[in-house]
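Okay, entry.txt is below, compact mmCIF, C-alpha atoms and all ligand atoms:
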# COMPACT_ATOMS: atom_id res chain seq x y z
CA MET A 205 52.95 -5.87 159.06
CA ILE A 206 50.23 -3.96 160.89
CA ILE A 207 46.72 -5.26 160.30
CA GLY A 208 43.62 -3.24 161.15
CA THR A 209 40.19 -4.76 161.59
CA ALA A 210 37.14 -3.05 160.05
CA GLY A 211 33.46 -3.82 159.98
CA HIS A 212 30.00 -3.33 161.44
CA ILE A 213 29.23 -3.58 165.15
CA ASP A 214 28.98 -7.11 166.56
CA HIS A 215 30.22 -8.76 163.37
CA GLY A 216 32.91 -10.61 165.32
CA LYS A 217 36.10 -8.53 164.96
CA THR A 218 37.28 -8.90 168.55
CA THR A 219 36.33 -12.58 168.70
CA LEU A 220 38.31 -13.19 165.52
CA VAL A 221 41.39 -11.31 166.79
CA ARG A 222 41.22 -13.38 169.99
CA ALA A 223 40.99 -16.61 167.97
CA LEU A 224 43.88 -15.54 165.72
CA THR A 225 46.26 -14.35 168.45
CA GLY A 226 44.97 -15.49 171.84
CA VAL A 227 44.83 -11.84 172.93
CA GLU A 228 41.69 -10.28 174.42
CA THR A 229 41.63 -6.74 173.04
CA ASP A 230 38.49 -5.56 174.89
CA ARG A 231 40.16 -4.53 178.15
CA LEU A 232 37.88 -1.84 179.58
CA LYS A 233 35.29 -2.66 182.23
CA GLU A 234 32.67 -0.87 180.15
CA GLU A 235 33.57 -2.92 177.06
CA LYS A 236 33.10 -6.14 178.99
CA ALA A 237 29.85 -4.96 180.58
CA ARG A 238 28.32 -3.76 177.30
CA GLY A 239 29.80 -6.50 175.11
CA ILE A 240 31.05 -3.98 172.55
CA SER A 241 34.43 -2.50 171.73
CA ILE A 242 34.84 1.17 172.61
CA GLU A 243 38.57 1.79 172.41
CA LEU A 244 41.25 0.54 170.03
CA GLY A 245 42.64 -2.86 171.01
CA TYR A 246 46.11 -4.16 170.20
CA ALA A 247 47.29 -7.71 169.71
CA TYR A 248 50.70 -8.98 168.64
CA ALA A 249 51.52 -12.41 167.28
CA PRO A 250 54.94 -13.90 166.51
CA LEU A 251 55.63 -14.91 162.92
CA PRO A 252 57.46 -18.08 161.90
CA ASN A 253 60.39 -15.95 160.66
CA GLY A 254 60.82 -14.30 164.08
CA ASP A 255 59.12 -11.01 163.21
CA VAL A 256 55.98 -9.82 164.94
CA MET A 257 52.60 -9.17 163.33
CA GLY A 258 50.49 -6.47 164.95
CA ILE A 259 46.69 -6.27 164.84
CA ILE A 260 44.69 -3.17 165.74
CA ASP A 261 41.11 -4.05 166.65
CA VAL A 262 38.65 -1.20 166.06
CA PRO A 263 35.13 -0.64 167.38
CA GLY A 264 32.28 -1.08 164.92
CA HIS A 265 29.66 1.13 166.58
CA GLU A 266 28.74 4.08 164.36
CA ARG A 267 29.40 6.52 167.22
CA PHE A 268 33.02 5.38 167.41
CA VAL A 269 33.83 5.81 163.75
CA HIS A 270 36.45 8.46 164.58
CA THR A 271 38.17 5.87 166.79
CA MET A 272 38.08 3.40 163.92
CA ALA A 273 39.64 6.01 161.62
CA ALA A 274 42.40 6.70 164.17
CA GLY A 275 43.14 2.97 164.36
CA ALA A 276 43.19 2.56 160.60
CA VAL A 277 45.76 5.32 160.06
CA GLY A 278 49.05 3.76 159.04
CA ILE A 279 47.92 0.13 158.76
CA ASP A 280 49.39 -2.05 156.01
CA HIS A 281 46.56 -4.53 155.64
CA ALA A 282 42.83 -4.37 156.36
CA LEU A 283 40.91 -7.28 157.84
CA LEU A 284 37.33 -6.53 156.81
CA VAL A 285 34.90 -8.52 158.94
CA VAL A 286 31.38 -9.28 157.68
CA ALA A 287 28.99 -11.51 159.61
CA ALA A 288 27.24 -14.16 157.53
CA ASP A 289 23.89 -13.59 159.25
CA ASP A 290 23.73 -9.79 158.86
CA GLY A 291 25.69 -9.46 155.62
CA VAL A 292 26.95 -6.08 154.46
CA MET A 293 25.78 -3.32 156.83
CA PRO A 294 26.26 0.47 157.06
CA GLN A 295 29.57 0.44 158.94
CA THR A 296 30.89 -2.30 156.64
CA LEU A 297 30.57 0.29 153.88
CA GLU A 298 31.65 3.27 155.94
CA HIS A 299 34.78 1.50 157.20
CA LEU A 300 35.58 0.36 153.67
CA GLU A 301 35.34 3.96 152.48
CA ILE A 302 37.61 5.14 155.29
CA LEU A 303 40.16 2.48 154.35
CA GLN A 304 40.12 3.80 150.82
CA LEU A 305 40.49 7.42 151.90
CA LEU A 306 43.49 6.37 153.97
CA GLY A 307 45.02 4.66 150.95
CA VAL A 308 44.89 1.10 152.29
CA LYS A 309 45.32 -1.13 149.24
CA LYS A 310 45.77 -4.58 150.72
CA GLY A 311 43.16 -6.52 152.60
CA THR A 312 41.50 -9.76 153.51
CA VAL A 313 37.85 -10.44 154.26
CA ALA A 314 36.67 -12.65 157.11
CA LEU A 315 33.13 -13.88 156.58
CA THR A 316 32.35 -14.62 160.23
CA LYS A 317 29.61 -16.54 162.03
CA VAL A 318 29.23 -19.07 159.21
CA ASP A 319 28.18 -21.56 161.90
CA ARG A 320 24.96 -19.56 162.31
CA VAL A 321 23.69 -19.74 158.74
CA LEU A 322 22.92 -22.16 155.94
CA PRO A 323 25.40 -22.62 153.07
CA GLU A 324 23.08 -20.68 150.69
CA ARG A 325 23.32 -17.64 152.93
CA VAL A 326 27.13 -17.86 152.89
CA GLN A 327 27.07 -17.73 149.08
CA GLU A 328 24.62 -14.82 149.12
CA VAL A 329 26.80 -12.73 151.45
CA LYS A 330 29.91 -13.60 149.44
CA LEU A 331 28.21 -12.01 146.43
CA GLU A 332 27.39 -8.90 148.47
CA ILE A 333 31.00 -8.66 149.57
CA ALA A 334 32.33 -9.18 146.05
CA ALA A 335 30.05 -6.40 144.82
CA ILE A 336 31.20 -3.80 147.35
CA LEU A 337 34.85 -4.77 146.96
CA SER A 338 34.71 -4.64 143.16
CA VAL A 339 34.46 -0.84 143.25
CA SER A 340 37.10 -0.45 145.95
CA SER A 341 40.85 -0.57 146.29
CA LEU A 342 40.49 -3.93 148.05
CA HIS A 343 38.98 -5.72 145.03
CA ASP A 344 41.61 -8.50 145.10
CA SER A 345 40.98 -9.47 148.71
CA PRO A 346 40.34 -13.15 149.40
CA ILE A 347 37.39 -14.17 151.57
CA PHE A 348 37.82 -16.62 154.45
CA GLU A 349 34.81 -18.28 156.07
CA THR A 350 35.23 -18.42 159.84
CA ALA A 351 33.43 -19.53 162.96
CA ALA A 352 35.82 -17.94 165.45
CA SER A 353 33.82 -18.78 168.55
CA GLN A 354 34.35 -22.49 167.85
CA PRO A 355 37.68 -23.79 169.17
CA GLY A 356 40.12 -24.94 166.47
CA ASP A 357 38.04 -23.59 163.59
CA ALA A 358 39.64 -24.52 160.26
CA GLY A 359 38.69 -21.16 158.70
CA VAL A 360 40.51 -19.23 161.42
CA GLN A 361 43.54 -21.47 160.97
CA ALA A 362 43.56 -20.89 157.19
CA LEU A 363 43.17 -17.13 157.72
CA ARG A 364 46.03 -17.07 160.25
CA GLU A 365 48.35 -18.90 157.85
CA TYR A 366 47.42 -16.57 154.99
CA LEU A 367 48.05 -13.44 157.08
CA GLN A 368 51.38 -14.82 158.26
CA VAL A 369 52.47 -15.39 154.67
CA GLN A 370 51.36 -11.88 153.71
CA ALA A 371 53.26 -10.40 156.65
CA GLN A 372 56.45 -12.27 155.80
CA MET A 373 56.23 -11.27 152.14
CA MET A 374 55.72 -7.59 152.88
CA PRO A 375 58.76 -5.55 151.91
CA ALA A 376 60.25 -3.51 154.76
CA ARG A 377 59.26 0.14 154.66
CA ALA A 378 61.95 2.65 153.76
CA GLN A 379 63.51 3.99 156.94
CA ASP A 380 64.92 7.17 155.43
CA GLY A 381 63.06 10.42 155.84
CA LEU A 382 62.30 12.39 158.96
CA PHE A 383 60.75 10.57 161.90
CA ARG A 384 57.06 11.01 162.65
CA LEU A 385 54.67 8.95 164.74
CA ALA A 386 50.89 9.41 164.80
CA VAL A 387 49.70 9.21 168.40
CA ASP A 388 46.70 6.98 169.02
CA ARG A 389 47.06 6.50 172.79
CA VAL A 390 48.67 8.36 175.66
CA PHE A 391 48.98 7.24 179.26
CA THR A 392 51.21 7.49 182.31
CA LEU A 393 53.27 4.58 183.61
CA PRO A 394 54.02 4.75 187.35
CA GLY A 395 57.69 5.65 187.85
CA GLN A 396 58.25 6.26 184.14
CA GLY A 397 56.01 9.13 183.11
CA THR A 398 54.30 9.88 179.84
CA VAL A 399 54.01 7.18 177.20
CA VAL A 400 52.55 7.60 173.72
CA THR A 401 51.79 4.77 171.33
CA GLY A 402 51.24 4.88 167.61
CA THR A 403 52.45 3.80 164.21
CA VAL A 404 55.74 5.14 162.85
CA PHE A 405 54.99 6.71 159.49
CA ASN A 406 58.51 7.69 158.50
CA GLY A 407 62.11 7.41 159.50
CA LYS A 408 63.42 5.91 162.70
CA VAL A 409 63.70 6.88 166.34
CA SER A 410 66.40 5.98 168.88
CA VAL A 411 66.55 6.19 172.65
CA GLY A 412 67.84 9.65 173.57
CA ASP A 413 66.45 11.39 170.43
CA ASN A 414 65.05 14.89 170.81
CA LEU A 415 61.70 15.33 169.08
CA VAL A 416 58.80 17.79 169.08
CA HIS A 417 55.12 17.43 170.01
CA SER A 418 52.93 18.84 167.21
CA GLY A 419 50.13 20.16 169.41
CA SER A 420 52.19 22.31 171.76
CA GLY A 421 55.54 22.67 170.01
CA GLN A 422 57.16 21.34 173.19
CA ALA A 423 60.53 19.60 172.88
CA VAL A 424 60.50 16.02 174.18
CA ARG A 425 63.22 13.43 174.75
CA VAL A 426 62.80 9.70 174.11
CA ARG A 427 63.64 7.87 177.35
CA SER A 428 62.81 4.37 176.15
CA ILE A 429 61.10 2.55 173.28
CA HIS A 430 58.90 -0.49 172.85
CA ALA A 431 58.64 -1.58 169.20
CA GLN A 432 56.01 -4.20 168.27
CA ASN A 433 55.45 -4.77 172.00
CA GLN A 434 59.11 -5.48 172.83
CA ALA A 435 61.76 -3.30 174.49
CA ALA A 436 64.00 -1.88 171.76
CA ASP A 437 66.74 0.68 171.14
CA ILE A 438 65.16 1.90 167.93
CA GLY A 439 61.74 2.05 166.30
CA VAL A 440 61.35 2.20 162.52
CA ALA A 441 58.74 3.06 159.91
CA GLY A 442 55.91 0.53 159.79
CA GLN A 443 56.24 -0.53 163.42
CA ARG A 444 53.88 0.17 166.25
CA CYS A 445 55.89 1.90 168.93
CA ALA A 446 55.45 3.07 172.48
CA LEU A 447 57.70 6.01 173.36
CA ASN A 448 58.37 6.98 176.96
CA LEU A 449 58.80 10.75 176.72
CA ALA A 450 60.51 13.21 179.05
CA GLY A 451 59.54 16.88 178.96
CA ILE A 452 55.78 16.62 178.49
CA ALA A 453 52.72 15.74 180.58
CA LYS A 454 50.06 13.24 179.52
CA GLU A 455 47.43 16.01 179.62
CA ASP A 456 49.25 17.94 176.86
CA ILE A 457 48.89 15.16 174.27
CA ILE A 458 45.77 13.88 172.52
CA ARG A 459 45.06 11.23 169.91
CA GLY A 460 45.87 12.54 166.46
CA ASP A 461 48.92 14.55 167.57
CA TRP A 462 52.32 13.82 166.07
CA ILE A 463 55.62 13.21 167.78
CA ALA A 464 58.14 14.11 165.13
CA ASP A 465 61.51 15.38 164.09
CA ALA A 466 61.42 19.17 164.51
CA ARG A 467 62.07 19.62 160.79
CA VAL A 468 58.73 17.94 159.95
CA LEU A 469 56.71 20.41 161.99
CA GLN A 470 57.27 23.57 160.02
CA ALA A 471 54.54 26.23 159.90
CA SER A 472 53.28 27.10 156.44
CA ASP A 473 50.87 29.66 155.04
CA ARG A 474 49.66 27.45 152.21
CA ILE A 475 48.65 23.84 151.76
CA ASP A 476 47.88 21.61 148.80
CA ILE A 477 44.70 19.58 149.12
CA ARG A 478 43.69 16.67 146.96
CA LEU A 479 39.98 15.93 147.30
CA HIS A 480 38.79 12.40 146.72
CA LEU A 481 35.10 11.89 146.02
CA LEU A 482 33.95 8.58 147.40
CA ALA A 483 31.10 8.00 145.02
CA LYS A 484 30.06 9.28 141.64
CA HIS A 485 28.75 12.78 141.85
CA ARG A 486 26.16 14.44 139.74
CA PRO A 487 24.82 17.93 139.31
CA CYS A 488 21.31 18.37 140.64
CA SER A 489 18.47 20.74 139.97
CA SER A 490 19.42 23.25 142.67
CA GLY A 491 22.78 23.83 141.05
CA ARG A 492 24.57 22.06 143.87
CA ARG A 493 26.52 18.93 143.41
CA CYS A 494 25.55 16.03 145.58
CA THR A 495 27.33 12.76 145.91
CA SER A 496 25.05 9.82 145.52
CA THR A 497 26.33 6.58 146.94
CA SER A 498 24.58 4.22 144.59
CA ALA A 499 25.32 0.72 145.78
CA PRO A 500 26.50 -2.03 143.46
CA SER A 501 23.81 -4.45 142.40
CA ALA A 502 24.18 -7.24 144.95
CA ALA A 503 24.89 -4.92 147.87
CA PRO A 504 22.37 -3.17 150.05
CA PRO A 505 22.16 0.59 149.64
CA THR A 506 24.66 2.68 151.51
CA SER A 507 23.83 5.07 154.30
CA HIS A 508 26.23 7.91 154.17
CA CYS A 509 26.07 11.63 154.40
CA CYS A 510 28.04 13.69 152.01
CA LYS A 511 28.86 17.33 152.26
CA THR A 512 27.52 19.38 149.38
CA VAL A 513 30.00 21.25 147.27
CA PRO A 514 28.61 24.53 145.94
CA MET A 515 29.96 24.91 142.43
CA SER A 516 30.73 28.39 141.24
CA PRO A 517 28.65 30.20 139.97
CA ALA A 518 25.93 28.07 141.59
CA PRO A 519 23.14 29.80 143.51
CA LYS A 520 23.41 29.82 147.28
CA CYS A 521 22.56 26.43 148.69
CA PRO A 522 19.74 26.51 151.28
CA ARG A 523 21.13 23.53 153.15
CA SER A 524 24.71 22.78 153.97
CA TRP A 525 24.31 19.02 154.04
CA CYS A 526 22.83 16.57 151.65
CA TRP A 527 21.73 13.19 152.88
CA THR A 528 21.31 10.33 150.48
CA THR A 529 20.37 7.55 152.78
CA PRO A 530 18.14 4.88 151.33
CA TYR A 531 17.75 3.53 154.88
CA SER A 532 15.72 6.61 155.80
CA PRO A 533 12.04 6.68 154.84
CA SER A 534 12.33 9.58 152.41
CA PRO A 535 15.87 10.13 151.19
CA VAL A 536 16.88 13.46 149.74
CA THR A 537 18.37 12.77 146.36
CA ASP A 538 18.84 16.20 144.87
N1 LIG B 1 28.24 -18.18 166.53
C1 LIG B 1 29.22 -17.29 166.40
N2 LIG B 1 29.24 -16.20 167.17
C2 LIG B 1 30.24 -15.31 167.01
C3 LIG B 1 31.26 -15.49 166.04
N3 LIG B 1 32.10 -14.42 166.10
C4 LIG B 1 31.62 -13.63 167.06
N4 LIG B 1 30.50 -14.16 167.62
C5 LIG B 1 29.69 -13.56 168.69
O1 LIG B 1 29.21 -12.31 168.22
C6 LIG B 1 29.18 -11.36 169.29
C7 LIG B 1 29.95 -10.11 168.89
O2 LIG B 1 31.30 -10.45 168.72
P1 LIG B 1 32.46 -9.36 168.87
O3 LIG B 1 33.72 -10.07 168.54
O4 LIG B 1 32.40 -8.64 170.15
O5 LIG B 1 32.07 -8.35 167.72
P2 LIG B 1 32.84 -7.01 167.30
O6 LIG B 1 32.79 -6.91 165.82
O7 LIG B 1 34.19 -6.99 167.90
O8 LIG B 1 31.93 -5.90 167.94
P3 LIG B 1 32.30 -4.34 168.12
O9 LIG B 1 33.76 -4.27 168.41
O10 LIG B 1 31.49 -3.83 169.24
O11 LIG B 1 31.98 -3.71 166.82
C8 LIG B 1 29.76 -12.06 170.50
O12 LIG B 1 28.71 -12.53 171.31
C9 LIG B 1 30.53 -13.23 169.91
O13 LIG B 1 30.60 -14.34 170.77
C10 LIG B 1 31.22 -16.66 165.23
O14 LIG B 1 32.05 -16.89 164.35
N5 LIG B 1 30.18 -17.53 165.45
MG MG B 2 35.06 -5.55 169.11

Starting from the file, lay out its structure as structure tokens.
Amino acid sequence: MIIGTAGHIDHGKTTLVRALTGVETDRLKEEKARGISIELGYAYAPLPNGDVMGIIDVPGHERFVHTMAAGAVGIDHALLVVAADDGVMPQTLEHLEILQLLGVKKGTVALTKVDRVLPERVQEVKLEIAAILSVSSLHDSPIFETAASQPGDAGVQALREYLQVQAQMMPARAQDGLFRLAVDRVFTLPGQGTVVTGTVFNGKVSVGDNLVHSGSGQAVRVRSIHAQNQAADIGVAGQRCALNLAGIAKEDIIRGDWIADARVLQASDRIDIRLHLLAKHRPCSSGRRCTSTSAPSAAPPTSHCCKTVPMSPAPKCPRSWCWTTPYSPSPVTD
């Protein structure tokens, strides 16, 4: 099972991952200096049944939301982190929406920093969390109270055991279908060449396979594989894999590219799109339709910008964006 963290900046995601796995996922000098996560972090923990559970730690800063989205692609289980002192904040909501857009249906909530607040505040934030989850695909998620910076915290222990059970109960993903891996990192290993890492969406890959890079159309050959952080002969759907590739330079690949079976990467002159509106939408006086992210009762209002959708035969819209942000002094609501 691949778990992805989510949640507002400084709410304790990286601290919690460290407490759960013993792995420090903030590796960059800049991350250590600034005390915030900037890049995706990866931690792996063995399961009692011999499998490996992977955790992707995402940054919470609003400027790195695209990095969070890249990390959340392909995860099986979300670990939504909410700090008991702050409560639900803008990126709590934004990350939750991204998880829904990506179709993540399973999750767990860690209510962190409970050592910093009184019990009444814990109950208050639990209500906020229940309210935002109730209108989301993660409405069944249990909430664990944690104080991850305290050694041997009972909440972290209970959360670890719960996640382990979830991981062991998760049915294996089907391995049929054509192989494709979504790249979230690319680097060069001295003496080995280009390595990409990412989650396998479909199918399986073996050492020696010939694949194609989506961005350039270049053919690549798989020299070696690491699956769930261990050397392997094959990588299968649902695993995080690192592929050492021959035939392509690091500079040719960027996050978001695919490494896939050539039959997946067919050009087409038409696409089907299914649009998913995040919040209820309503017609407004200008003839546009704006989405209005009205927050559930116990939750604070959301801050989110939504693109306007001109509805035919609506008059031309003077603005291309509609902001409904109750955090701003004078929100535009129509
Ligand atoms: N008292 C207390 N402090 C905590 C707890 N969890 C995290 N912290 C502190 O909160 C600060 C932020 O923690 P991080 O784990 O870096 O937060 P983050 O969510 O990973 O932050 P970004 O990745 O930048 O979004 C650090 O100083 C932690 O030591 C906790 O349970 N209790
Ligand atoms: Mg972090």

task = Would you mind listing the residues within 7 Å of ligand LIG 1 (chain B), counting all atoms listed in the file, as a PyMOL selection string?
result = chain A and resi 211-220+239-242+262-265+316-320+350-354

key: Pairwise distance for CA of Ala386 in chain A and CA of Ile438 in chain A, rounded to one decimal in Å   =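 Between CA of Ala386 in chain A and CA of Ile438 in chain A the gap is 16.4 Å.
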
message = One decimal, in Å: what's the spacing between CA of Asn406 in chain A and CA of Ile463 in chain A?
response =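 CA of Asn406 in chain A sits 11.2 Å away from CA of Ile463 in chain A.
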
ask   = What separation in Å, quoted to one decimal, exists between CA of Gln470 in chain A and CA of Leu382 in chain A?
value =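 Separation of CA of Gln470 in chain A and CA of Leu382 in chain A: 12.3 Å.
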
request  = Step by step: start from the point (53.8, -10.7, 159.2) in the file's coordinates, keep every protein, DNA or RNA residue that has an atom no farther than 7 Å from it, count all atoms listed in the file, and write the set as a PyMOL selection string.
outcome  = chain A and resi 205+251+255-257+367-372

Kindly export the residues of the current selection with C-alpha atoms, as a PDB file, keeping the file's coordinate frame.
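Writing the result to selection_38.pdb gives the following:
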ATOM      1  CA  MET A 205      52.950  -5.870 159.060  1.00  0.00           C
ATOM      2  CA  LEU A 251      55.630 -14.910 162.920  1.00  0.00           C
ATOM      3  CA  ASP A 255      59.120 -11.010 163.210  1.00  0.00           C
ATOM      4  CA  VAL A 256      55.980  -9.820 164.940  1.00  0.00           C
ATOM      5  CA  MET A 257      52.600  -9.170 163.330  1.00  0.00           C
ATOM      6  CA  LEU A 367      48.050 -13.440 157.080  1.00  0.00           C
ATOM      7  CA  GLN A 368      51.380 -14.820 158.260  1.00  0.00           C
ATOM      8  CA  VAL A 369      52.470 -15.390 154.670  1.00  0.00           C
ATOM      9  CA  GLN A 370      51.360 -11.880 153.710  1.00  0.00           C
ATOM     10  CA  ALA A 371      53.260 -10.400 156.650  1.00  0.00           C
ATOM     11  CA  GLN A 372      56.450 -12.270 155.800  1.00  0.00           C
TER      12      GLN A 372
END

query = Neighbours of Ser418 in chain A within 8 Å (only C-alpha atoms; same-chain residues fewer than 2 positions away dropped), as a ChimeraX atom specification?
reply = /A:416,420-422,461-464,469

inquiry  = Show me the residues around (48.7, 7.4, 176.0) - criterion: an atom at most 12 Å away, only C-alpha atoms counted - as an MDAnalysis selection string.
reply    = chainID A and resid 244 386:393 397:402 445:449 452:461

Print the selection's residues with C-alpha atoms to a file, as a PDB file, in the coordinates of the input.
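Final output, saved to again.pdb:
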ATOM      1  CA  LEU A 244      41.250   0.540 170.030  1.00  0.00           C
ATOM      2  CA  ALA A 386      50.890   9.410 164.800  1.00  0.00           C
ATOM      3  CA  VAL A 387      49.700   9.210 168.400  1.00  0.00           C
ATOM      4  CA  ASP A 388      46.700   6.980 169.020  1.00  0.00           C
ATOM      5  CA  ARG A 389      47.060   6.500 172.790  1.00  0.00           C
ATOM      6  CA  VAL A 390      48.670   8.360 175.660  1.00  0.00           C
ATOM      7  CA  PHE A 391      48.980   7.240 179.260  1.00  0.00           C
ATOM      8  CA  THR A 392      51.210   7.490 182.310  1.00  0.00           C
ATOM      9  CA  LEU A 393      53.270   4.580 183.610  1.00  0.00           C
ATOM     10  CA  GLY A 397      56.010   9.130 183.110  1.00  0.00           C
ATOM     11  CA  THR A 398      54.300   9.880 179.840  1.00  0.00           C
ATOM     12  CA  VAL A 399      54.010   7.180 177.200  1.00  0.00           C
ATOM     13  CA  VAL A 400      52.550   7.600 173.720  1.00  0.00           C
ATOM     14  CA  THR A 401      51.790   4.770 171.330  1.00  0.00           C
ATOM     15  CA  GLY A 402      51.240   4.880 167.610  1.00  0.00           C
ATOM     16  CA  CYS A 445      55.890   1.900 168.930  1.00  0.00           C
ATOM     17  CA  ALA A 446      55.450   3.070 172.480  1.00  0.00           C
ATOM     18  CA  LEU A 447      57.700   6.010 173.360  1.00  0.00           C
ATOM     19  CA  ASN A 448      58.370   6.980 176.960  1.00  0.00           C
ATOM     20  CA  LEU A 449      58.800  10.750 176.720  1.00  0.00           C
ATOM     21  CA  ILE A 452      55.780  16.620 178.490  1.00  0.00           C
ATOM     22  CA  ALA A 453      52.720  15.740 180.580  1.00  0.00           C
ATOM     23  CA  LYS A 454      50.060  13.240 179.520  1.00  0.00           C
ATOM     24  CA  GLU A 455      47.430  16.010 179.620  1.00  0.00           C
ATOM     25  CA  ASP A 456      49.250  17.940 176.860  1.00  0.00           C
ATOM     26  CA  ILE A 457      48.890  15.160 174.270  1.00  0.00           C
ATOM     27  CA  ILE A 458      45.770  13.880 172.520  1.00  0.00           C
ATOM     28  CA  ARG A 459      45.060  11.230 169.910  1.00  0.00           C
ATOM     29  CA  GLY A 460      45.870  12.540 166.460  1.00  0.00           C
ATOM     30  CA  ASP A 461      48.920  14.550 167.570  1.00  0.00           C
TER      31      ASP A 461
END

inquiry  = Give me, as a list in words, all polymer residues having an atom no more than 10 Å from Pro346 in chain A, counting only C-alpha atoms and skipping those fewer than 4 positions away in the same chain.
reply    = Gly311, Thr312, Val313, Ala314, Ala334, Leu342, Leu363 and Tyr366 of chain A

Which polymer residues have any atom within 9 Å of an atom of Val292 in chain A, counting only C-alpha atoms, with same-chain residues fewer than 2 positions away left out, as a PDB file with C-alpha atoms, in the coordinates of the input?
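After the write, selection.pdb holds the following:
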ATOM      1  CA  GLY A 211      33.460  -3.820 159.980  1.00  0.00           C
ATOM      2  CA  HIS A 212      30.000  -3.330 161.440  1.00  0.00           C
ATOM      3  CA  VAL A 286      31.380  -9.280 157.680  1.00  0.00           C
ATOM      4  CA  ALA A 287      28.990 -11.510 159.610  1.00  0.00           C
ATOM      5  CA  ALA A 288      27.240 -14.160 157.530  1.00  0.00           C
ATOM      6  CA  ASP A 290      23.730  -9.790 158.860  1.00  0.00           C
ATOM      7  CA  PRO A 294      26.260   0.470 157.060  1.00  0.00           C
ATOM      8  CA  GLN A 295      29.570   0.440 158.940  1.00  0.00           C
ATOM      9  CA  THR A 296      30.890  -2.300 156.640  1.00  0.00           C
ATOM     10  CA  LEU A 297      30.570   0.290 153.880  1.00  0.00           C
ATOM     11  CA  VAL A 329      26.800 -12.730 151.450  1.00  0.00           C
ATOM     12  CA  GLU A 332      27.390  -8.900 148.470  1.00  0.00           C
ATOM     13  CA  ILE A 333      31.000  -8.660 149.570  1.00  0.00           C
ATOM     14  CA  ILE A 336      31.200  -3.800 147.350  1.00  0.00           C
ATOM     15  CA  ALA A 503      24.890  -4.920 147.870  1.00  0.00           C
ATOM     16  CA  PRO A 504      22.370  -3.170 150.050  1.00  0.00           C
TER      17      PRO A 504
END

task = Would you mind listing what lies within 7 Å of Gly407 in chain A as a VMD selection string, with all atoms listed in the file counted and same-chain residues fewer than 6 positions away left out?
result = chain A and resid 379 to 384 440 to 441

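Ranking A:Gly208, A:Gly395, A:Gly291, A:Gly412 by their shortest atom-to-atom distance to ligand MG 2 (chain B), with all atoms listed in the file included, puts A:Gly208 first.
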
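Nearest to ligand MG 2 (chain B) of all the residues A:Ile206, A:Val285, A:Ala450, A:Val308 is A:Val285, based on all atoms listed in the file.
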
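With all atoms listed in the file as the atoms that count, the minimum distance from ligand MG 2 (chain B) to the choices A:Asp261, A:His430, A:Val227, A:Lys236 is reached by A:Asp261.
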